[in-house]
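Q: run-v4.cif (mmCIF, N, CA and C atoms) pasted underneath:
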data_upload
#
loop_
_atom_site.label_atom_id
_atom_site.label_comp_id
_atom_site.auth_asym_id
_atom_site.auth_seq_id
_atom_site.Cartn_x
_atom_site.Cartn_y
_atom_site.Cartn_z
N MET A 1 -116.51 8.45 -69.29
CA MET A 1 -115.67 9.40 -68.61
C MET A 1 -115.24 10.51 -69.56
N VAL A 2 -115.21 10.21 -70.83
CA VAL A 2 -114.78 11.22 -71.80
C VAL A 2 -115.83 12.31 -71.92
N LEU A 3 -117.06 11.91 -72.18
CA LEU A 3 -118.12 12.89 -72.40
C LEU A 3 -118.62 13.52 -71.10
N GLY A 4 -118.58 12.78 -70.01
CA GLY A 4 -119.10 13.28 -68.75
C GLY A 4 -118.03 13.73 -67.78
N ALA A 5 -116.84 14.04 -68.26
CA ALA A 5 -115.72 14.37 -67.37
C ALA A 5 -116.01 15.55 -66.47
N THR A 6 -116.63 16.58 -66.99
CA THR A 6 -116.90 17.78 -66.18
C THR A 6 -117.90 17.46 -65.08
N PHE A 7 -118.95 16.75 -65.42
CA PHE A 7 -119.95 16.36 -64.43
C PHE A 7 -119.34 15.43 -63.38
N LEU A 8 -118.62 14.41 -63.85
CA LEU A 8 -118.00 13.47 -62.92
C LEU A 8 -116.96 14.13 -62.03
N ALA A 9 -116.26 15.13 -62.56
CA ALA A 9 -115.25 15.84 -61.77
C ALA A 9 -115.89 16.49 -60.55
N ARG A 10 -117.02 17.12 -60.74
CA ARG A 10 -117.73 17.74 -59.61
C ARG A 10 -118.24 16.68 -58.63
N LEU A 11 -118.76 15.60 -59.17
CA LEU A 11 -119.33 14.53 -58.36
C LEU A 11 -118.26 13.80 -57.54
N PHE A 12 -117.11 13.53 -58.18
CA PHE A 12 -116.05 12.74 -57.55
C PHE A 12 -114.96 13.59 -56.91
N GLY A 13 -114.97 14.89 -57.16
CA GLY A 13 -113.92 15.74 -56.60
C GLY A 13 -112.57 15.47 -57.21
N MET A 14 -112.57 15.17 -58.51
CA MET A 14 -111.34 14.84 -59.23
C MET A 14 -111.19 15.78 -60.42
N PRO A 15 -109.96 16.01 -60.88
CA PRO A 15 -109.77 16.88 -62.04
C PRO A 15 -110.44 16.31 -63.30
N SER A 16 -111.17 17.17 -64.01
CA SER A 16 -111.85 16.70 -65.21
C SER A 16 -110.85 16.21 -66.26
N GLU A 17 -109.67 16.83 -66.31
CA GLU A 17 -108.65 16.41 -67.28
C GLU A 17 -108.20 14.97 -67.00
N LEU A 18 -108.07 14.63 -65.74
CA LEU A 18 -107.67 13.27 -65.37
C LEU A 18 -108.74 12.27 -65.83
N LEU A 19 -109.98 12.58 -65.54
CA LEU A 19 -111.07 11.68 -65.93
C LEU A 19 -111.17 11.56 -67.45
N ARG A 20 -111.03 12.68 -68.13
CA ARG A 20 -111.11 12.67 -69.60
C ARG A 20 -109.95 11.85 -70.19
N PHE A 21 -108.73 12.08 -69.71
CA PHE A 21 -107.58 11.34 -70.22
C PHE A 21 -107.71 9.85 -69.91
N ALA A 22 -108.17 9.52 -68.71
CA ALA A 22 -108.36 8.11 -68.35
C ALA A 22 -109.37 7.46 -69.30
N GLY A 23 -110.43 8.17 -69.59
CA GLY A 23 -111.43 7.65 -70.52
C GLY A 23 -110.88 7.49 -71.93
N ILE A 24 -110.13 8.48 -72.39
CA ILE A 24 -109.53 8.42 -73.73
C ILE A 24 -108.54 7.27 -73.82
N SER A 25 -107.79 7.05 -72.75
CA SER A 25 -106.78 5.98 -72.78
C SER A 25 -107.42 4.60 -72.87
N LEU A 26 -108.68 4.49 -72.53
CA LEU A 26 -109.35 3.20 -72.61
C LEU A 26 -109.73 2.81 -74.04
N PHE A 27 -109.84 3.79 -74.94
CA PHE A 27 -110.21 3.48 -76.33
C PHE A 27 -109.20 2.57 -77.03
N PRO A 28 -107.91 2.91 -77.06
CA PRO A 28 -106.97 1.99 -77.72
C PRO A 28 -106.84 0.66 -76.99
N PHE A 29 -106.94 0.68 -75.66
CA PHE A 29 -106.85 -0.57 -74.91
C PHE A 29 -108.03 -1.48 -75.26
N THR A 30 -109.21 -0.89 -75.35
CA THR A 30 -110.40 -1.66 -75.72
C THR A 30 -110.28 -2.21 -77.13
N ALA A 31 -109.77 -1.39 -78.05
CA ALA A 31 -109.57 -1.86 -79.43
C ALA A 31 -108.58 -3.04 -79.45
N PHE A 32 -107.53 -2.95 -78.66
CA PHE A 32 -106.55 -4.03 -78.55
C PHE A 32 -107.21 -5.30 -78.03
N LEU A 33 -108.05 -5.18 -77.00
CA LEU A 33 -108.73 -6.34 -76.44
C LEU A 33 -109.69 -6.95 -77.46
N ILE A 34 -110.41 -6.12 -78.19
CA ILE A 34 -111.33 -6.61 -79.21
C ILE A 34 -110.55 -7.35 -80.30
N CYS A 35 -109.43 -6.81 -80.69
CA CYS A 35 -108.57 -7.46 -81.69
C CYS A 35 -108.11 -8.82 -81.18
N MET A 36 -107.81 -8.90 -79.90
CA MET A 36 -107.35 -10.17 -79.32
C MET A 36 -108.42 -11.25 -79.40
N THR A 37 -109.69 -10.85 -79.31
CA THR A 37 -110.76 -11.85 -79.30
C THR A 37 -110.91 -12.54 -80.65
N SER A 38 -110.38 -11.94 -81.69
CA SER A 38 -110.49 -12.55 -83.02
C SER A 38 -109.38 -13.57 -83.29
N ARG A 39 -108.46 -13.70 -82.37
CA ARG A 39 -107.32 -14.60 -82.55
C ARG A 39 -107.64 -16.00 -82.01
N GLN A 40 -107.22 -16.99 -82.76
CA GLN A 40 -107.39 -18.37 -82.30
C GLN A 40 -106.42 -18.67 -81.16
N ARG A 41 -105.19 -18.16 -81.28
CA ARG A 41 -104.16 -18.34 -80.26
C ARG A 41 -103.53 -17.00 -79.96
N LEU A 42 -103.13 -16.84 -78.72
CA LEU A 42 -102.47 -15.61 -78.29
C LEU A 42 -101.08 -15.94 -77.78
N SER A 43 -100.14 -15.08 -78.08
CA SER A 43 -98.79 -15.28 -77.57
C SER A 43 -98.75 -14.95 -76.08
N LEU A 44 -97.79 -15.53 -75.41
CA LEU A 44 -97.61 -15.23 -73.98
C LEU A 44 -97.35 -13.75 -73.76
N ALA A 45 -96.58 -13.15 -74.66
CA ALA A 45 -96.25 -11.73 -74.52
C ALA A 45 -97.51 -10.86 -74.56
N VAL A 46 -98.44 -11.19 -75.41
CA VAL A 46 -99.68 -10.42 -75.53
C VAL A 46 -100.50 -10.55 -74.25
N VAL A 47 -100.62 -11.76 -73.76
CA VAL A 47 -101.41 -11.99 -72.55
C VAL A 47 -100.75 -11.30 -71.35
N TRP A 48 -99.44 -11.44 -71.24
CA TRP A 48 -98.73 -10.78 -70.14
C TRP A 48 -98.85 -9.26 -70.24
N THR A 49 -98.88 -8.73 -71.45
CA THR A 49 -99.04 -7.28 -71.63
C THR A 49 -100.37 -6.82 -71.03
N VAL A 50 -101.42 -7.55 -71.30
CA VAL A 50 -102.74 -7.19 -70.76
C VAL A 50 -102.74 -7.30 -69.24
N ILE A 51 -102.16 -8.37 -68.72
CA ILE A 51 -102.12 -8.55 -67.26
C ILE A 51 -101.33 -7.42 -66.60
N VAL A 52 -100.18 -7.09 -67.16
CA VAL A 52 -99.35 -6.02 -66.58
C VAL A 52 -100.04 -4.67 -66.69
N LEU A 53 -100.66 -4.37 -67.82
CA LEU A 53 -101.37 -3.10 -67.96
C LEU A 53 -102.51 -2.99 -66.95
N ASN A 54 -103.23 -4.07 -66.73
CA ASN A 54 -104.29 -4.04 -65.73
C ASN A 54 -103.73 -3.88 -64.32
N ALA A 55 -102.62 -4.53 -64.04
CA ALA A 55 -101.98 -4.37 -62.72
C ALA A 55 -101.49 -2.94 -62.52
N LEU A 56 -100.92 -2.35 -63.57
CA LEU A 56 -100.46 -0.96 -63.48
C LEU A 56 -101.63 0.00 -63.27
N TRP A 57 -102.72 -0.23 -63.97
CA TRP A 57 -103.91 0.63 -63.79
C TRP A 57 -104.37 0.55 -62.34
N THR A 58 -104.39 -0.66 -61.78
CA THR A 58 -104.82 -0.84 -60.39
C THR A 58 -103.88 -0.11 -59.43
N ALA A 59 -102.58 -0.32 -59.60
CA ALA A 59 -101.61 0.33 -58.72
C ALA A 59 -101.68 1.85 -58.84
N ASP A 60 -101.77 2.34 -60.06
CA ASP A 60 -101.86 3.79 -60.26
C ASP A 60 -103.13 4.37 -59.65
N SER A 61 -104.21 3.63 -59.72
CA SER A 61 -105.47 4.10 -59.13
C SER A 61 -105.32 4.31 -57.63
N PHE A 62 -104.69 3.35 -56.97
CA PHE A 62 -104.50 3.50 -55.52
C PHE A 62 -103.44 4.56 -55.20
N LEU A 63 -102.37 4.61 -55.98
CA LEU A 63 -101.31 5.58 -55.72
C LEU A 63 -101.76 7.02 -55.90
N ILE A 64 -102.62 7.25 -56.86
CA ILE A 64 -103.07 8.62 -57.13
C ILE A 64 -103.81 9.19 -55.92
N VAL A 65 -104.48 8.32 -55.18
CA VAL A 65 -105.18 8.75 -53.98
C VAL A 65 -104.23 8.75 -52.78
N ALA A 66 -103.44 7.69 -52.65
CA ALA A 66 -102.56 7.55 -51.49
C ALA A 66 -101.50 8.65 -51.41
N THR A 67 -101.04 9.13 -52.56
CA THR A 67 -100.01 10.16 -52.57
C THR A 67 -100.57 11.56 -52.37
N GLY A 68 -101.90 11.67 -52.38
CA GLY A 68 -102.51 12.98 -52.21
C GLY A 68 -102.55 13.80 -53.48
N TRP A 69 -102.23 13.19 -54.62
CA TRP A 69 -102.26 13.93 -55.88
C TRP A 69 -103.67 14.42 -56.17
N ILE A 70 -104.65 13.61 -55.77
CA ILE A 70 -106.03 14.06 -55.82
C ILE A 70 -106.66 13.81 -54.45
N THR A 71 -107.67 14.59 -54.12
CA THR A 71 -108.41 14.39 -52.88
C THR A 71 -109.90 14.32 -53.25
N PRO A 72 -110.32 13.14 -53.63
CA PRO A 72 -111.70 12.98 -54.09
C PRO A 72 -112.71 13.07 -52.95
N THR A 73 -113.95 13.22 -53.35
CA THR A 73 -115.06 13.16 -52.40
C THR A 73 -115.21 11.70 -51.95
N PRO A 74 -116.02 11.44 -50.93
CA PRO A 74 -116.25 10.05 -50.55
C PRO A 74 -116.75 9.19 -51.72
N LEU A 75 -117.60 9.76 -52.56
CA LEU A 75 -118.06 9.03 -53.74
C LEU A 75 -116.91 8.80 -54.71
N GLY A 76 -116.01 9.77 -54.80
CA GLY A 76 -114.82 9.63 -55.64
C GLY A 76 -113.90 8.52 -55.15
N TYR A 77 -113.73 8.46 -53.82
CA TYR A 77 -112.94 7.36 -53.25
C TYR A 77 -113.57 6.01 -53.59
N ALA A 78 -114.90 5.94 -53.47
CA ALA A 78 -115.60 4.69 -53.79
C ALA A 78 -115.43 4.35 -55.26
N PHE A 79 -115.48 5.35 -56.14
CA PHE A 79 -115.31 5.12 -57.57
C PHE A 79 -113.90 4.60 -57.87
N VAL A 80 -112.89 5.29 -57.36
CA VAL A 80 -111.50 4.89 -57.62
C VAL A 80 -111.26 3.48 -57.06
N THR A 81 -111.70 3.24 -55.84
CA THR A 81 -111.49 1.93 -55.22
C THR A 81 -112.25 0.84 -55.97
N GLY A 82 -113.49 1.11 -56.32
CA GLY A 82 -114.30 0.10 -57.01
C GLY A 82 -113.74 -0.28 -58.36
N GLN A 83 -113.36 0.73 -59.16
CA GLN A 83 -112.84 0.40 -60.48
C GLN A 83 -111.47 -0.25 -60.37
N ALA A 84 -110.65 0.15 -59.39
CA ALA A 84 -109.34 -0.47 -59.20
C ALA A 84 -109.49 -1.94 -58.80
N LEU A 85 -110.42 -2.21 -57.90
CA LEU A 85 -110.64 -3.61 -57.49
C LEU A 85 -111.20 -4.44 -58.64
N GLY A 86 -112.06 -3.84 -59.46
CA GLY A 86 -112.58 -4.54 -60.63
C GLY A 86 -111.49 -4.88 -61.62
N VAL A 87 -110.62 -3.93 -61.89
CA VAL A 87 -109.50 -4.18 -62.82
C VAL A 87 -108.53 -5.19 -62.23
N ALA A 88 -108.30 -5.13 -60.91
CA ALA A 88 -107.44 -6.11 -60.25
C ALA A 88 -108.03 -7.51 -60.38
N MET A 89 -109.36 -7.60 -60.28
CA MET A 89 -110.02 -8.90 -60.44
C MET A 89 -109.79 -9.43 -61.86
N PHE A 90 -109.93 -8.54 -62.86
CA PHE A 90 -109.67 -8.97 -64.23
C PHE A 90 -108.24 -9.48 -64.39
N ALA A 91 -107.28 -8.74 -63.84
CA ALA A 91 -105.87 -9.15 -63.94
C ALA A 91 -105.67 -10.51 -63.28
N GLY A 92 -106.29 -10.71 -62.13
CA GLY A 92 -106.17 -11.99 -61.45
C GLY A 92 -106.78 -13.13 -62.26
N LEU A 93 -107.95 -12.89 -62.82
CA LEU A 93 -108.59 -13.92 -63.64
C LEU A 93 -107.78 -14.21 -64.91
N GLU A 94 -107.21 -13.16 -65.49
CA GLU A 94 -106.37 -13.37 -66.67
C GLU A 94 -105.15 -14.22 -66.31
N TYR A 95 -104.56 -13.95 -65.17
CA TYR A 95 -103.40 -14.73 -64.72
C TYR A 95 -103.79 -16.19 -64.49
N VAL A 96 -104.92 -16.41 -63.83
CA VAL A 96 -105.39 -17.78 -63.59
C VAL A 96 -105.63 -18.48 -64.93
N GLY A 97 -106.27 -17.78 -65.87
CA GLY A 97 -106.50 -18.36 -67.19
C GLY A 97 -105.22 -18.70 -67.91
N LEU A 98 -104.23 -17.83 -67.78
CA LEU A 98 -102.93 -18.08 -68.40
C LEU A 98 -102.28 -19.33 -67.80
N ARG A 99 -102.33 -19.44 -66.50
CA ARG A 99 -101.74 -20.61 -65.82
C ARG A 99 -102.46 -21.89 -66.21
N LYS A 100 -103.78 -21.83 -66.29
CA LYS A 100 -104.56 -23.02 -66.66
C LYS A 100 -104.29 -23.41 -68.11
N SER A 101 -104.18 -22.43 -68.99
CA SER A 101 -103.92 -22.76 -70.39
C SER A 101 -102.52 -23.33 -70.56
N ALA A 102 -101.58 -22.87 -69.76
CA ALA A 102 -100.22 -23.43 -69.80
C ALA A 102 -100.22 -24.88 -69.30
N ALA A 103 -101.02 -25.14 -68.26
CA ALA A 103 -101.09 -26.50 -67.74
C ALA A 103 -101.72 -27.44 -68.75
N VAL A 104 -102.74 -26.98 -69.46
CA VAL A 104 -103.39 -27.79 -70.49
C VAL A 104 -102.44 -28.06 -71.63
N ALA A 105 -101.68 -27.04 -72.01
CA ALA A 105 -100.74 -27.18 -73.13
C ALA A 105 -99.62 -28.18 -72.79
N MET A 106 -99.27 -28.28 -71.52
CA MET A 106 -98.19 -29.18 -71.12
C MET A 106 -98.67 -30.63 -70.98
N SER A 107 -99.97 -30.82 -70.82
CA SER A 107 -100.47 -32.20 -70.61
C SER A 107 -100.76 -32.92 -71.91
#
Let me see the structure of the file written as structure tokens.
A:
Amino acid sequence: MVLGATFLARLFGMPSELLRFAGISLFPFTAFLICMTSRQRLSLAVVWTVIVLNALWTADSFLIVATGWITPTPLGYAFVTGQALGVAMFAGLEYVGLRKSAAVAMS
């Protein structure tokens, strides 16, 4: 999204600045996730941070369209919806994993 923001903006009917910023914001988040993979154990706060950030990304994705802040093309709607549902799935799986790891720790 960073390098192709101008092209994607025309294709999706979305502001190129929004796409570029969204892409740039993924770099530190990805670095954080990569750093997490090197840890033997993760604190609850770290895991909850990832879950909440993914939930916020999902909510913001739907709100940006629902509020009329952007009016994407049909392909843009599909892109926003698809990536939001994908991120929501990750948040849900992270939550399930957190609950299962807590249950294992208690047994």
Q: Nearest to Gly13 (chain A) among A:Pro74, A:Gly97, A:Gly82, A:Gly68, with distances taken over only C-alpha atoms: which residue is it?
A: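 Smallest distance to Gly13 (chain A) is found for A:Pro74.
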Q: Starting from the displayed file, determine the output of the PyMOL selection byres (((chain A and resi 73 and name CA) around 12) and name CA) and express the residue list as a list of chain:residue names.
A: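 This file, filtered by the PyMOL selection byres (((chain A and resi 73 and name CA) around 12) and name CA), leaves A:Leu8, A:Ala9, A:Arg10, A:Leu11, A:Phe12, A:Gly13, A:Met14, A:Pro15, A:Val65, A:Ile70, A:Thr71, A:Pro72, A:Pro74, A:Leu75, A:Gly76, A:Tyr77, A:Ala78, A:Phe79, A:Val80.
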Q: Can you spell out as a PyMOL selection string the set of residues that the PyMOL selection byres (((chain A and resi 49 and name CA) around 12) and name CA) selects in the structure I just provided?
A: chain A and resi 29+32-33+36+42-48+50-56+91+94-95+98
Q: Residues at most 8 Å from Phe21 (chain A), counting all atoms listed in the file, excluding those fewer than 4 positions away in the same chain, as a ChimeraX atom specification?
A: /A:1-2,5,15-17,25-26
Q: Could you write out that same residue set with N, CA and C atoms as a compact mmCIF listing (two decimals), in the frame of the given file?
A:
# COMPACT_ATOMS: atom_id res chain seq x y z
N MET A 1 -116.51 8.45 -69.29
CA MET A 1 -115.67 9.40 -68.61
C MET A 1 -115.24 10.51 -69.56
N VAL A 2 -115.21 10.21 -70.83
CA VAL A 2 -114.78 11.22 -71.80
C VAL A 2 -115.83 12.31 -71.92
N ALA A 5 -116.84 14.04 -68.26
CA ALA A 5 -115.72 14.37 -67.37
C ALA A 5 -116.01 15.55 -66.47
N PRO A 15 -109.96 16.01 -60.88
CA PRO A 15 -109.77 16.88 -62.04
C PRO A 15 -110.44 16.31 -63.30
N SER A 16 -111.17 17.17 -64.01
CA SER A 16 -111.85 16.70 -65.21
C SER A 16 -110.85 16.21 -66.26
N GLU A 17 -109.67 16.83 -66.31
CA GLU A 17 -108.65 16.41 -67.28
C GLU A 17 -108.20 14.97 -67.00
N SER A 25 -107.79 7.05 -72.75
CA SER A 25 -106.78 5.98 -72.78
C SER A 25 -107.42 4.60 -72.87
N LEU A 26 -108.68 4.49 -72.53
CA LEU A 26 -109.35 3.20 -72.61
C LEU A 26 -109.73 2.81 -74.04
Q: How far is it from atom N of Cys35 (chain A) to atom C of Leu18 (chain A), in Å with one decimal?
A: 24.2 Å
Q: Between CA of Lys100 (chain A) and atom C of Ala59 (chain A), what distance in Å does the model show, to one decimal?
A: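 Computing it gives 26.2 Å between the two atoms.
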Q: Identify all residues of chain A in alpha helix (DSSP H) (DSSP on the backbone) and supply them as a ChimeraX atom specification.
A: /A:5-12,16-37,44-66,74-106
Q: For the atom pair atom C of Leu19 (chain A) and atom C of Gly92 (chain A), what is the interatomic distance in Å to one decimal place?
A: 25.6 Å
